[in-house]
Amino acid sequence: MWRGRQRITSIRQVTFTAGPAATVGRFQGSGQGPGVHPGPFLFLIKNCISVIVGLLRCQNTTPQRPRRFGRGADKIVGLEKMKKYNPNKIERKWQKYWEDKKLYEAKDFSGGKEPRKMTSSSRGNNFMLLVEFPYPSGDLHTGHWFAFSVPDIYGRYLRMNGFNVMYPIGFDAFGLPAENAAIKNNIHPRDWTKKNITKMSKQLRSMGAGFDWSREVSTIDPEYYRWTQWIFIQLYNAGLAYRAETLVNWCPNDKTVLANEQVIDGKCDRCGSAVEQRNLSQWMFKITSFADRLIDDLKDLDWPESTKLAQINWIGKSEGININYDVEGVNIQITVYTTRPDTNFGATFIVVAPDSKFVKENKELFSNEDEVKKYLAESKKKSDLERIAEGRKKTGVFTGLYAVNNLTDKKMPIYISDFVLATVGTGAVVGVPGHDVRDFEFAQEKGLEVIRVVVGKDDDTSPITKIEQVQEGAGIIVNSKFLNGLDIHEATEKIKDYIEEKGWGKRAVNYRLHDWVLSRQRYWGVPIPLVFCEHCAAISNSQFPVFNDKEGGTIMERNGKRYAVVPVPENELPVKLPPLKDFMPADDSRSPLAKAGKWLKVKCPKCGQPAERETDTMDTFVDSSWYYMRYTDPKNEKEFASQENMAKWLPLPLYFGGAEHNTMHLLYSRFITKALRSQNLIDFSEPFLGRRNHGFIMDSTTGQKMSKSKGQAVDPDEQVAKYGADTMRMYFAFMGPYDQNYAWNFDSVLGVRRFLDRVWNFVNKPTTDNQQPTTESPEVRITIHKAIKNVGEAIKSHRFNVGVSELMKCLNAIEHSELSVVGCELFVKLLAPFAPHIAEELWMEVLGNKTSVHLEKWPEFNEALLLEELVTLVIQVNSRVRDTISVRQGLSEDEVKKIVLANEKIQKALEGKEIKKFIYIQDRLTNIVV
RNA sequence: GGGCGAGUGGCGAAACUGGCAACCGCAUACGCUUCAGGUGCGUACGACCGCAAGGUUUUGGGGGUUCAACUCCCCCCUCGCCCACCA
């Protein structure tokens with residue numbers, strides 16, 4: 001109950017009870033419904049308060065404004081005549097209004113228009129707020145809604161805080177699903193994609209987000225992908241793109257190359273058949289040459305630690321040593337990479353990968369040729385699926401060769417086994433079965449010697465016979481001559497020095513990360529802008545090279561012929577994707593573009609002779625790794641973006657997106673940025689200074705991530721029609737932290753809608769006493785100013801759910817009070833980022849403003865006013881709550897002590913006991929220890 | 001096997017820097033309102049004991065530090081995600 005009203009003699013004494021905030025400032029029984037008028041007594045009190053407060057705070061007289069209906073003193077409207085909140089009626093209206101007024105079209109102001117408040121990381125006062133652009137899969141799903149509508153709250157808040165916000169939108173429109181859908185529905189991928197873009201644009205508009213549609217980009221637009229091709233050529237000329245043979249996933253049923261992410265548990269994610277490995281010639285980006293910087297530069301980024309760690313682990317840098325062992329009886333060496341040379345005294349065998357260089361080059365030296373051949377053939381045929389099914393079972397074949405361990409002079413048999421991977425390290429492993437589980441398994445299989453060279457804390461020195469005894473962690477070295485007694489870290493460094501001194505090997509660094517295979521033998525992608533010319537290759541020699549240094553062109557072999565690889569000149573870009581009717585993948589693992597006869601044959605840009613285009617297209621991750629740059633200058637015909645515009649917006653202060661891109665899109669974008677920086681084409685080396693991940697919206701019935709392919713139970717369009725976009729937006733914000741996963745809850749949505757209904761009725765509420773309220777009560781004012789503070793801080797720190805809850809709390813507290821127009825306006829401003837349509841309607845139509853609420857400044861709260869609020873002080877005796885009292889803020893310990901010791905309940909609790917300690921935490925709690 | 005994250009009412013969740021655990025909302029119950037309601041308003045609502053006042057107890061489990069622990073430290077359990085024979 002609101003006790004304060006009986007004893008207002010000064011502002012100081014206006015008290016809030018310790019009760020729930022919901023009852024604060026509430027006039028019981030007044031103004032609750034249509035035509036209900038408070039009794040004359042309450043009126044009197046209310047008016048008295050207004051007068052007293054007005055006298056006390058005369059600086060706060062409320063400006064009088066004309067209003068069309070609702071609160072106007074000139075026009076009393078009963079609630080029964082009041083318009084009901086009807087989102088469908090107002091939302092489209094305001095969306096159109098904002099678009100007509102170009103409210104969200106960001107101007108390319110030069111930086112530093114106003115001092116930065118939120119972050120020092122982006123340029124001047126400009127703030128590009130980015131959410132990963134969507135793939136036009138057909139329908140906007142609830143996940144999109146969540147991903148885009150919640151950051152819009154932040155964007156609107158920034159805008160109200162004086163930032164020049166750009167919230168761009170576009171489509172990542174190339175990719176395999178378009179082809180699949182096209183094949184299925186007998187429609188061209190381009191038509192399918194464009195249709196989807198049209199539909200999804202409309203759906204995105206229904207969100208009421210502050211998207212800047214004037215900057216829309218689409219990766220399938222030739223004016224966009226011309227620059228994707230241009231960037232490829234820059235990287236090619238810089239030696240950062242090259243062609244090489246590599247193992248790729250091959251689906252024998254669909255006759256196509258699959259990206260790693262299209263292989264699920266060794267099966268094609270489309271047809272389910274077992275995926276094979278094929279060796280194909282592919283275009284690659286040299287991402288590994290930036291591996292160290294991709295790790296090191298993470299430390300300055302404001303990213304989730306989990307994302308940073310995911311990238312570090314993905315890059316997988318390890319520091320070890322390459323050891324060369326002489327092979328007995330022949331004049332060759334075998335090189336192994338190991339991170340644990342400290343265990344080398346326990347090495348008893350060597351294993352090489354079936355497709356390793358060592359096997360390829362030394363086949364004729366193997367004694368048991370037939371067996372080796374058989375094993376190689378088998379392991380090549382074996383699909384990933386079979387390997388997975390086999391589990392960890394180790395197979396292998398002896399080559400007949402022995403390597404000599406220099407440290408022990410032991411002969412180590414060399415085996416071939418497919419548990420060793422050709423692409424890791426040197427493709428050869430030294431077997432230390434005592435201290436590596438895989439080595440132990442292999443040793444057991446082949447009956448090889450196991451030696452213990454590390455003992456753990458338990459000091460167990462017994463021979464190792466069981467897998468549980470294999471020890472990989474910390475310990476002390478034994479049985480290793482001069483390493484004995486050292487811990488494994490000391491031993492590792494000592495033995496590395498020793499091996500290097502002896503010339504037996506060299507320290508080496510290894511990465512898990514491999515170069516980025518960007519070729520796709522698919523139709524629906526950006527053509528790689530290169531031409532193969534036989535003639536150029538024929539006339540080129542060391543005296544008359546066809547390429548100068550800058551061009552970076554190369555000669556390469558293909559099907560036994562020599563070709564010069566000639567980049568398409570800049571003025572001939574874009575190399576447009578030919579309008580193929582038959583875009584089914586070809587049988588010979590060549591791209592469908594090979595079927596485009598006319599397009600394929602070109603005059604060589606270098607020599608003018610007949611030549612052929614590259615038929616591979618690019619991985620769509622190339623398209624999406626630079627799109628944010630294009631947003632700064634989307635219509636530029638001369639450059640991918642002007643330096644001037646990029647300087648105004650980049651690097652990005654904040655990037656919202658899904659955690660599934662931790663190691664894909666985010667790493668690729670960082671690489672492309674660093675590659676362009678290395679060529680002085682941009683002046684920043686990290687694209688995204690800040691990063692926030694969002695969670696997924698799960699299907700409440702299946703518990704799975706919502707997606708088009710799996711069919712979705714919740715159609716956002718239906719929900720918008722039912723509840724309105726504002727309710728949807730607010731619900732998504734309210735559900736909980738942005739980075740968590742949620743199931744759609746139909747009932748909870750209703751709660752948010754109820755809140756907006758109440759907001760609507762509250763602001764529209766006619767005055768009950770036929771009097772213009774001059775100013776609200778101090779309690780109400782404090783409540784509103786608290787909301788300004790709390791809602792603002794919540795949005796600023798991306799705690800959107802807390803922001804909504806603070807707004808609700810505020811309404812609960814003021815709902816049954818009189819509010820001045822200024823008070824109403826403050827509330828509507830706080831609501832504006834969350835529910836932009838209803839806020840605009842209330843702002844302009846009800847409160848009678850002439851310009852958009854979204855152009856308003858975020859209100860400032862009155863700190864002095866907040867200090868006037870009484871706080872609840874908890875009194876504990878021996879950490880048990882004995883009473884709570886309402887006191888003014890900032891009391892000293894002595895003052896509090898006096899009050900507390902005078903308290904009856906406390907006296908009772910203290911009876912006959914001696915106070916040992918008096919703890920006082922200002923404005924919060926006291927604890928008396930007895 | 002490795003890495004990361006999370007465990008708080010019937011549910012989504014809140015809790016600033018160690019300071020009243022459960023704000024806000026949903027669901028539920030009861031009352032009022034309504035011709036009717038997926039309506040509106042009000043009250044109650046972690047659990048246990050109690051008519052009540054009040055008491056006891058509670059943040060996955062166990063221990064520790066502290067006047068005070070959801071929060072800090074140690075051990076354990078469960079779940080989720082990512083990578084996975086990485087030498």
# chains A, B, ... in the order shown; residues from 1 in each chain; ligands from 1
call {"tool": "interface_residues", "arguments": {"of": "chain A", "to": "chain B", "cutoff": "8 Å", "atoms": "only C-alpha atoms (C1' of nucleotides)", "output": "ChimeraX atom specification"}}
result
/A:32,306,309-310,313-314,337-339,392,419-420,424-425,429-430,438,512,735-736,747-748,751-752,802,804-806,808-809,874,878-879,881,917,919,921,924-925,927-929
call {"tool": "select_by_dssp", "arguments": {"residues": "region 322-416 of chain A", "states": "strand (DSSP E)", "output": "VMD selection string"}}
result
chain A and resid 322 to 326 333 to 338 349 to 352 397 to 405 410 to 416
call {"tool": "residues_around", "arguments": {"residues": "Lys857 (chain A)", "least_positions_apart": "3", "cutoff": "12 Å", "atoms": "only C-alpha atoms (C1' of nucleotides)", "output": "number ranges by chain"}}
result
A: 156-163, 825-826, 828-830, 832-833, 852-854, 860
call {"tool": "write_last_selection", "arguments": {"atoms": "N, CA and C atoms", "output": "compact mmCIF listing (two decimals), in the first residue's frame"}}
result
# COMPACT_ATOMS: atom_id res chain seq x y z
N ARG A 156 18.23 1.15 -32.31
CA ARG A 156 17.35 2.28 -32.06
C ARG A 156 17.79 3.06 -30.83
N TYR A 157 18.27 2.31 -29.85
CA TYR A 157 18.77 2.96 -28.63
C TYR A 157 19.99 3.82 -28.96
N LEU A 158 20.90 3.26 -29.77
CA LEU A 158 22.08 4.02 -30.17
C LEU A 158 21.69 5.28 -30.93
N ARG A 159 20.71 5.12 -31.81
CA ARG A 159 20.27 6.26 -32.61
C ARG A 159 19.74 7.36 -31.70
N MET A 160 18.98 6.95 -30.69
CA MET A 160 18.42 7.94 -29.76
C MET A 160 19.51 8.56 -28.90
N ASN A 161 20.65 7.88 -28.86
CA ASN A 161 21.77 8.43 -28.10
C ASN A 161 22.76 9.18 -28.98
N GLY A 162 22.29 9.59 -30.13
CA GLY A 162 23.10 10.47 -30.97
C GLY A 162 24.02 9.78 -31.95
N PHE A 163 23.90 8.48 -32.10
CA PHE A 163 24.75 7.81 -33.07
C PHE A 163 24.13 7.83 -34.45
N GLU A 825 5.28 10.92 -22.27
CA GLU A 825 6.27 10.96 -23.35
C GLU A 825 7.55 10.24 -22.96
N LEU A 826 7.94 10.42 -21.71
CA LEU A 826 9.15 9.73 -21.26
C LEU A 826 8.97 8.22 -21.39
N VAL A 828 6.91 6.57 -23.31
CA VAL A 828 6.82 6.16 -24.72
C VAL A 828 8.22 6.13 -25.35
N LYS A 829 9.06 7.05 -24.97
CA LYS A 829 10.43 7.04 -25.50
C LYS A 829 11.17 5.78 -25.06
N LEU A 830 10.94 5.38 -23.81
CA LEU A 830 11.62 4.16 -23.33
C LEU A 830 11.11 2.93 -24.06
N ALA A 832 10.03 2.95 -27.16
CA ALA A 832 10.26 3.07 -28.60
C ALA A 832 11.24 2.05 -29.19
N PRO A 833 12.40 1.79 -28.57
CA PRO A 833 13.30 0.82 -29.20
C PRO A 833 12.72 -0.58 -29.27
N SER A 852 8.80 12.07 -35.65
CA SER A 852 8.89 10.70 -35.17
C SER A 852 9.54 10.58 -33.79
N VAL A 853 9.03 9.68 -32.99
CA VAL A 853 9.63 9.42 -31.68
C VAL A 853 11.02 8.83 -31.85
N HIS A 854 11.27 8.24 -33.02
CA HIS A 854 12.57 7.61 -33.24
C HIS A 854 13.66 8.62 -33.58
N GLU A 860 17.35 11.75 -20.28
CA GLU A 860 18.35 11.62 -19.22
C GLU A 860 17.63 11.54 -17.89
call {"tool": "atom_distance", "arguments": {"atom1": "CA of Val263 (chain A)", "atom2": "CA of Thr307 (chain A)"}}
result
22.9 Å
call {"tool": "select_by_dssp", "arguments": {"residues": "region 559-612 of chain A", "states": "helix (DSSP H, G or I)", "output": "list of chain:residue names"}}
result
A:Glu570, A:Asn571, A:Glu572, A:Pro592, A:Leu593, A:Ala594, A:Lys595, A:Gly597, A:Lys598, A:Trp599, A:Leu600
call {"tool": "write_last_selection", "arguments": {"atoms": "N, CA and C atoms", "output": "PDB file, in the first residue's frame"}}
result
ATOM      1  N   GLU A 570      40.577  -6.569 -65.236  1.00  0.00           N
ATOM      2  CA  GLU A 570      39.585  -5.879 -64.415  1.00  0.00           C
ATOM      3  C   GLU A 570      38.446  -5.305 -65.256  1.00  0.00           C
ATOM      4  N   ASN A 571      38.780  -4.758 -66.420  1.00  0.00           N
ATOM      5  CA  ASN A 571      37.715  -4.112 -67.208  1.00  0.00           C
ATOM      6  C   ASN A 571      36.795  -5.129 -67.892  1.00  0.00           C
ATOM      7  N   GLU A 572      37.138  -6.396 -67.797  1.00  0.00           N
ATOM      8  CA  GLU A 572      36.239  -7.418 -68.356  1.00  0.00           C
ATOM      9  C   GLU A 572      35.388  -8.085 -67.294  1.00  0.00           C
ATOM     10  N   PRO A 592      29.295 -27.934 -63.811  1.00  0.00           N
ATOM     11  CA  PRO A 592      28.313 -27.852 -64.900  1.00  0.00           C
ATOM     12  C   PRO A 592      28.643 -26.729 -65.888  1.00  0.00           C
ATOM     13  N   LEU A 593      29.442 -25.771 -65.472  1.00  0.00           N
ATOM     14  CA  LEU A 593      29.789 -24.663 -66.372  1.00  0.00           C
ATOM     15  C   LEU A 593      30.544 -25.155 -67.602  1.00  0.00           C
ATOM     16  N   ALA A 594      31.136 -26.366 -67.513  1.00  0.00           N
ATOM     17  CA  ALA A 594      31.848 -26.933 -68.661  1.00  0.00           C
ATOM     18  C   ALA A 594      30.893 -27.180 -69.819  1.00  0.00           C
ATOM     19  N   LYS A 595      29.582 -27.235 -69.497  1.00  0.00           N
ATOM     20  CA  LYS A 595      28.590 -27.481 -70.544  1.00  0.00           C
ATOM     21  C   LYS A 595      28.210 -26.211 -71.292  1.00  0.00           C
ATOM     22  N   GLY A 597      29.018 -24.157 -73.659  1.00  0.00           N
ATOM     23  CA  GLY A 597      29.964 -24.104 -74.764  1.00  0.00           C
ATOM     24  C   GLY A 597      30.395 -22.703 -75.152  1.00  0.00           C
ATOM     25  N   LYS A 598      29.425 -21.860 -75.440  1.00  0.00           N
ATOM     26  CA  LYS A 598      29.743 -20.507 -75.907  1.00  0.00           C
ATOM     27  C   LYS A 598      30.521 -19.715 -74.881  1.00  0.00           C
ATOM     28  N   TRP A 599      30.086 -19.866 -73.653  1.00  0.00           N
ATOM     29  CA  TRP A 599      30.686 -19.107 -72.550  1.00  0.00           C
ATOM     30  C   TRP A 599      32.103 -19.595 -72.283  1.00  0.00           C
ATOM     31  N   LEU A 600      32.267 -20.911 -72.435  1.00  0.00           N
ATOM     32  CA  LEU A 600      33.528 -21.562 -72.088  1.00  0.00           C
ATOM     33  C   LEU A 600      34.688 -21.083 -72.966  1.00  0.00           C
TER      34      LEU A 600
END
call {"tool": "residues_around", "arguments": {"residues": "region 394-404 of chain A", "least_positions_apart": "2", "cutoff": "9 Å", "atoms": "only C-alpha atoms (C1' of nucleotides)", "output": "MDAnalysis selection string"}}
result
chainID A and resid 325:330 333:334 349:351 363 365:369 371:372 375 390:392 406:419 438 441:442 445:446
call {"tool": "residues_around", "arguments": {"residues": "Tyr628 (chain A)", "least_positions_apart": "5", "cutoff": "12 Å", "atoms": "only C-alpha atoms (C1' of nucleotides)", "output": "PyMOL selection string"}}
result
chain A and resi 128-133+166-172+215-219+224+623+633-634+640-641+645-646+649-655+669-670+672-673+687-688
call {"tool": "residues_around", "arguments": {"residues": "G31 (chain B)", "least_positions_apart": "4", "cutoff": "12 Å", "atoms": "only C-alpha atoms (C1' of nucleotides)", "output": "ChimeraX atom specification"}}
result
/B:41-44
call {"tool": "write_last_selection", "arguments": {"atoms": "N, CA, C and O atoms (P, O5', C5', C4', C3', O3' and C1' of nucleotides)", "output": "JSON list (two decimals), in the first residue's frame"}}
result
[["chain", "number", "residue", "atom", "x", "y", "z"],
["B", 41, "C", "P", -6.11, -6.05, -16.75],
["B", 41, "C", "O5'", -6.83, -5.90, -15.34],
["B", 41, "C", "C5'", -7.32, -4.63, -14.92],
["B", 41, "C", "C4'", -8.08, -4.78, -13.64],
["B", 41, "C", "C3'", -7.34, -5.46, -12.50],
["B", 41, "C", "O3'", -6.42, -4.59, -11.86],
["B", 41, "C", "C1'", -9.50, -6.37, -12.64],
["B", 42, "G", "P", -5.10, -5.23, -11.25],
["B", 42, "G", "O5'", -5.64, -5.95, -9.94],
["B", 42, "G", "C5'", -6.21, -5.18, -8.90],
["B", 42, "G", "C4'", -6.86, -6.08, -7.89],
["B", 42, "G", "C3'", -5.94, -7.07, -7.21],
["B", 42, "G", "O3'", -5.18, -6.46, -6.18],
["B", 42, "G", "C1'", -7.93, -8.17, -7.84],
["B", 43, "U", "P", -3.75, -6.98, -5.85],
["B", 43, "U", "O5'", -4.03, -8.35, -5.09],
["B", 43, "U", "C5'", -4.63, -8.35, -3.80],
["B", 43, "U", "C4'", -4.93, -9.76, -3.37],
["B", 43, "U", "C3'", -3.74, -10.72, -3.37],
["B", 43, "U", "O3'", -2.90, -10.55, -2.26],
["B", 43, "U", "C1'", -5.61, -11.78, -4.35],
["B", 44, "A", "P", -1.36, -10.88, -2.39],
["B", 44, "A", "O5'", -1.37, -12.47, -2.44],
["B", 44, "A", "C5'", -1.80, -13.21, -1.31],
["B", 44, "A", "C4'", -1.88, -14.67, -1.66],
["B", 44, "A", "C3'", -0.59, -15.27, -2.19],
["B", 44, "A", "O3'", 0.32, -15.58, -1.16],
["B", 44, "A", "C1'", -2.39, -15.96, -3.54]]
call {"tool": "residues_around", "arguments": {"residues": "Asn484 (chain A)", "least_positions_apart": "3", "cutoff": "12 Å", "atoms": "only C-alpha atoms (C1' of nucleotides)", "output": "number ranges by chain"}}
result
A: 342-343, 345, 452-455, 475-481, 487-488, 490-492, 494-495
call {"tool": "decode", "arguments": {"residues": "region 165-197 of chain A", "atoms": "N, CA and C atoms", "output": "PDB file, in the first residue's frame"}}
result
ATOM      1  N   VAL A 165      23.448   5.656 -36.965  1.00  0.00           N
ATOM      2  CA  VAL A 165      23.397   4.195 -37.047  1.00  0.00           C
ATOM      3  C   VAL A 165      23.073   3.726 -38.463  1.00  0.00           C
ATOM      4  N   MET A 166      23.854   2.786 -38.955  1.00  0.00           N
ATOM      5  CA  MET A 166      23.523   2.118 -40.209  1.00  0.00           C
ATOM      6  C   MET A 166      23.209   0.658 -39.870  1.00  0.00           C
ATOM      7  N   TYR A 167      22.008   0.244 -40.225  1.00  0.00           N
ATOM      8  CA  TYR A 167      21.626  -1.158 -39.997  1.00  0.00           C
ATOM      9  C   TYR A 167      21.326  -1.750 -41.361  1.00  0.00           C
ATOM     10  N   PRO A 168      22.362  -2.245 -42.025  1.00  0.00           N
ATOM     11  CA  PRO A 168      22.180  -2.694 -43.408  1.00  0.00           C
ATOM     12  C   PRO A 168      21.614  -4.110 -43.487  1.00  0.00           C
ATOM     13  N   ILE A 169      21.124  -4.428 -44.657  1.00  0.00           N
ATOM     14  CA  ILE A 169      20.521  -5.746 -44.868  1.00  0.00           C
ATOM     15  C   ILE A 169      20.804  -6.193 -46.299  1.00  0.00           C
ATOM     16  N   GLY A 170      20.907  -7.477 -46.494  1.00  0.00           N
ATOM     17  CA  GLY A 170      21.170  -8.009 -47.827  1.00  0.00           C
ATOM     18  C   GLY A 170      20.954  -9.508 -47.829  1.00  0.00           C
ATOM     19  N   PHE A 171      21.397 -10.146 -48.891  1.00  0.00           N
ATOM     20  CA  PHE A 171      21.164 -11.588 -49.007  1.00  0.00           C
ATOM     21  C   PHE A 171      22.401 -12.321 -49.492  1.00  0.00           C
ATOM     22  N   ASP A 172      22.682 -13.408 -48.839  1.00  0.00           N
ATOM     23  CA  ASP A 172      23.794 -14.291 -49.184  1.00  0.00           C
ATOM     24  C   ASP A 172      23.214 -15.363 -50.101  1.00  0.00           C
ATOM     25  N   ALA A 173      23.132 -15.070 -51.388  1.00  0.00           N
ATOM     26  CA  ALA A 173      22.134 -15.747 -52.214  1.00  0.00           C
ATOM     27  C   ALA A 173      22.653 -16.871 -53.114  1.00  0.00           C
ATOM     28  N   PHE A 174      23.982 -17.030 -53.209  1.00  0.00           N
ATOM     29  CA  PHE A 174      24.466 -18.196 -53.947  1.00  0.00           C
ATOM     30  C   PHE A 174      24.485 -19.396 -53.006  1.00  0.00           C
ATOM     31  N   GLY A 175      24.514 -20.589 -53.599  1.00  0.00           N
ATOM     32  CA  GLY A 175      24.668 -21.760 -52.742  1.00  0.00           C
ATOM     33  C   GLY A 175      23.845 -22.953 -53.183  1.00  0.00           C
ATOM     34  N   LEU A 176      24.218 -24.069 -52.634  1.00  0.00           N
ATOM     35  CA  LEU A 176      23.677 -25.352 -53.047  1.00  0.00           C
ATOM     36  C   LEU A 176      22.159 -25.517 -52.886  1.00  0.00           C
ATOM     37  N   PRO A 177      21.556 -25.060 -51.799  1.00  0.00           N
ATOM     38  CA  PRO A 177      20.118 -25.291 -51.637  1.00  0.00           C
ATOM     39  C   PRO A 177      19.295 -24.770 -52.807  1.00  0.00           C
ATOM     40  N   ALA A 178      19.744 -23.674 -53.414  1.00  0.00           N
ATOM     41  CA  ALA A 178      19.007 -23.137 -54.568  1.00  0.00           C
ATOM     42  C   ALA A 178      19.001 -24.156 -55.694  1.00  0.00           C
ATOM     43  N   GLU A 179      20.131 -24.811 -55.918  1.00  0.00           N
ATOM     44  CA  GLU A 179      20.203 -25.821 -56.966  1.00  0.00           C
ATOM     45  C   GLU A 179      19.321 -27.012 -56.651  1.00  0.00           C
ATOM     46  N   ASN A 180      19.376 -27.426 -55.417  1.00  0.00           N
ATOM     47  CA  ASN A 180      18.551 -28.570 -55.016  1.00  0.00           C
ATOM     48  C   ASN A 180      17.077 -28.269 -55.197  1.00  0.00           C
ATOM     49  N   ALA A 181      16.669 -27.103 -54.721  1.00  0.00           N
ATOM     50  CA  ALA A 181      15.269 -26.720 -54.844  1.00  0.00           C
ATOM     51  C   ALA A 181      14.894 -26.568 -56.306  1.00  0.00           C
ATOM     52  N   ALA A 182      15.839 -26.053 -57.081  1.00  0.00           N
ATOM     53  CA  ALA A 182      15.576 -25.837 -58.494  1.00  0.00           C
ATOM     54  C   ALA A 182      15.355 -27.168 -59.212  1.00  0.00           C
ATOM     55  N   ILE A 183      16.221 -28.145 -58.887  1.00  0.00           N
ATOM     56  CA  ILE A 183      16.087 -29.463 -59.502  1.00  0.00           C
ATOM     57  C   ILE A 183      14.754 -30.086 -59.109  1.00  0.00           C
ATOM     58  N   LYS A 184      14.426 -29.941 -57.836  1.00  0.00           N
ATOM     59  CA  LYS A 184      13.209 -30.543 -57.309  1.00  0.00           C
ATOM     60  C   LYS A 184      11.965 -29.904 -57.927  1.00  0.00           C
ATOM     61  N   ASN A 185      11.956 -28.596 -58.050  1.00  0.00           N
ATOM     62  CA  ASN A 185      10.750 -27.893 -58.481  1.00  0.00           C
ATOM     63  C   ASN A 185      10.769 -27.478 -59.945  1.00  0.00           C
ATOM     64  N   ASN A 186      11.817 -27.941 -60.650  1.00  0.00           N
ATOM     65  CA  ASN A 186      11.935 -27.611 -62.060  1.00  0.00           C
ATOM     66  C   ASN A 186      11.850 -26.101 -62.330  1.00  0.00           C
ATOM     67  N   ILE A 187      12.674 -25.389 -61.638  1.00  0.00           N
ATOM     68  CA  ILE A 187      12.706 -23.932 -61.783  1.00  0.00           C
ATOM     69  C   ILE A 187      14.182 -23.537 -61.766  1.00  0.00           C
ATOM     70  N   HIS A 188      14.509 -22.453 -62.396  1.00  0.00           N
ATOM     71  CA  HIS A 188      15.916 -22.043 -62.442  1.00  0.00           C
ATOM     72  C   HIS A 188      16.363 -21.517 -61.076  1.00  0.00           C
ATOM     73  N   PRO A 189      17.586 -21.835 -60.657  1.00  0.00           N
ATOM     74  CA  PRO A 189      18.049 -21.366 -59.339  1.00  0.00           C
ATOM     75  C   PRO A 189      17.922 -19.852 -59.172  1.00  0.00           C
ATOM     76  N   ARG A 190      18.148 -19.147 -60.297  1.00  0.00           N
ATOM     77  CA  ARG A 190      18.088 -17.690 -60.207  1.00  0.00           C
ATOM     78  C   ARG A 190      16.660 -17.252 -59.887  1.00  0.00           C
ATOM     79  N   ASP A 191      15.705 -17.856 -60.574  1.00  0.00           N
ATOM     80  CA  ASP A 191      14.309 -17.469 -60.354  1.00  0.00           C
ATOM     81  C   ASP A 191      13.851 -17.838 -58.951  1.00  0.00           C
ATOM     82  N   TRP A 192      14.267 -19.036 -58.545  1.00  0.00           N
ATOM     83  CA  TRP A 192      13.918 -19.489 -57.204  1.00  0.00           C
ATOM     84  C   TRP A 192      14.467 -18.520 -56.159  1.00  0.00           C
ATOM     85  N   THR A 193      15.740 -18.162 -56.329  1.00  0.00           N
ATOM     86  CA  THR A 193      16.395 -17.283 -55.358  1.00  0.00           C
ATOM     87  C   THR A 193      15.745 -15.899 -55.337  1.00  0.00           C
ATOM     88  N   LYS A 194      15.494 -15.373 -56.532  1.00  0.00           N
ATOM     89  CA  LYS A 194      14.939 -14.004 -56.597  1.00  0.00           C
ATOM     90  C   LYS A 194      13.537 -13.954 -56.008  1.00  0.00           C
ATOM     91  N   LYS A 195      12.789 -15.015 -56.266  1.00  0.00           N
ATOM     92  CA  LYS A 195      11.443 -15.087 -55.703  1.00  0.00           C
ATOM     93  C   LYS A 195      11.516 -15.059 -54.167  1.00  0.00           C
ATOM     94  N   ASN A 196      12.461 -15.832 -53.656  1.00  0.00           N
ATOM     95  CA  ASN A 196      12.614 -15.883 -52.204  1.00  0.00           C
ATOM     96  C   ASN A 196      13.048 -14.544 -51.619  1.00  0.00           C
ATOM     97  N   ILE A 197      13.942 -13.887 -52.356  1.00  0.00           N
ATOM     98  CA  ILE A 197      14.415 -12.585 -51.862  1.00  0.00           C
ATOM     99  C   ILE A 197      13.252 -11.607 -51.783  1.00  0.00           C
TER     100      ILE A 197
END
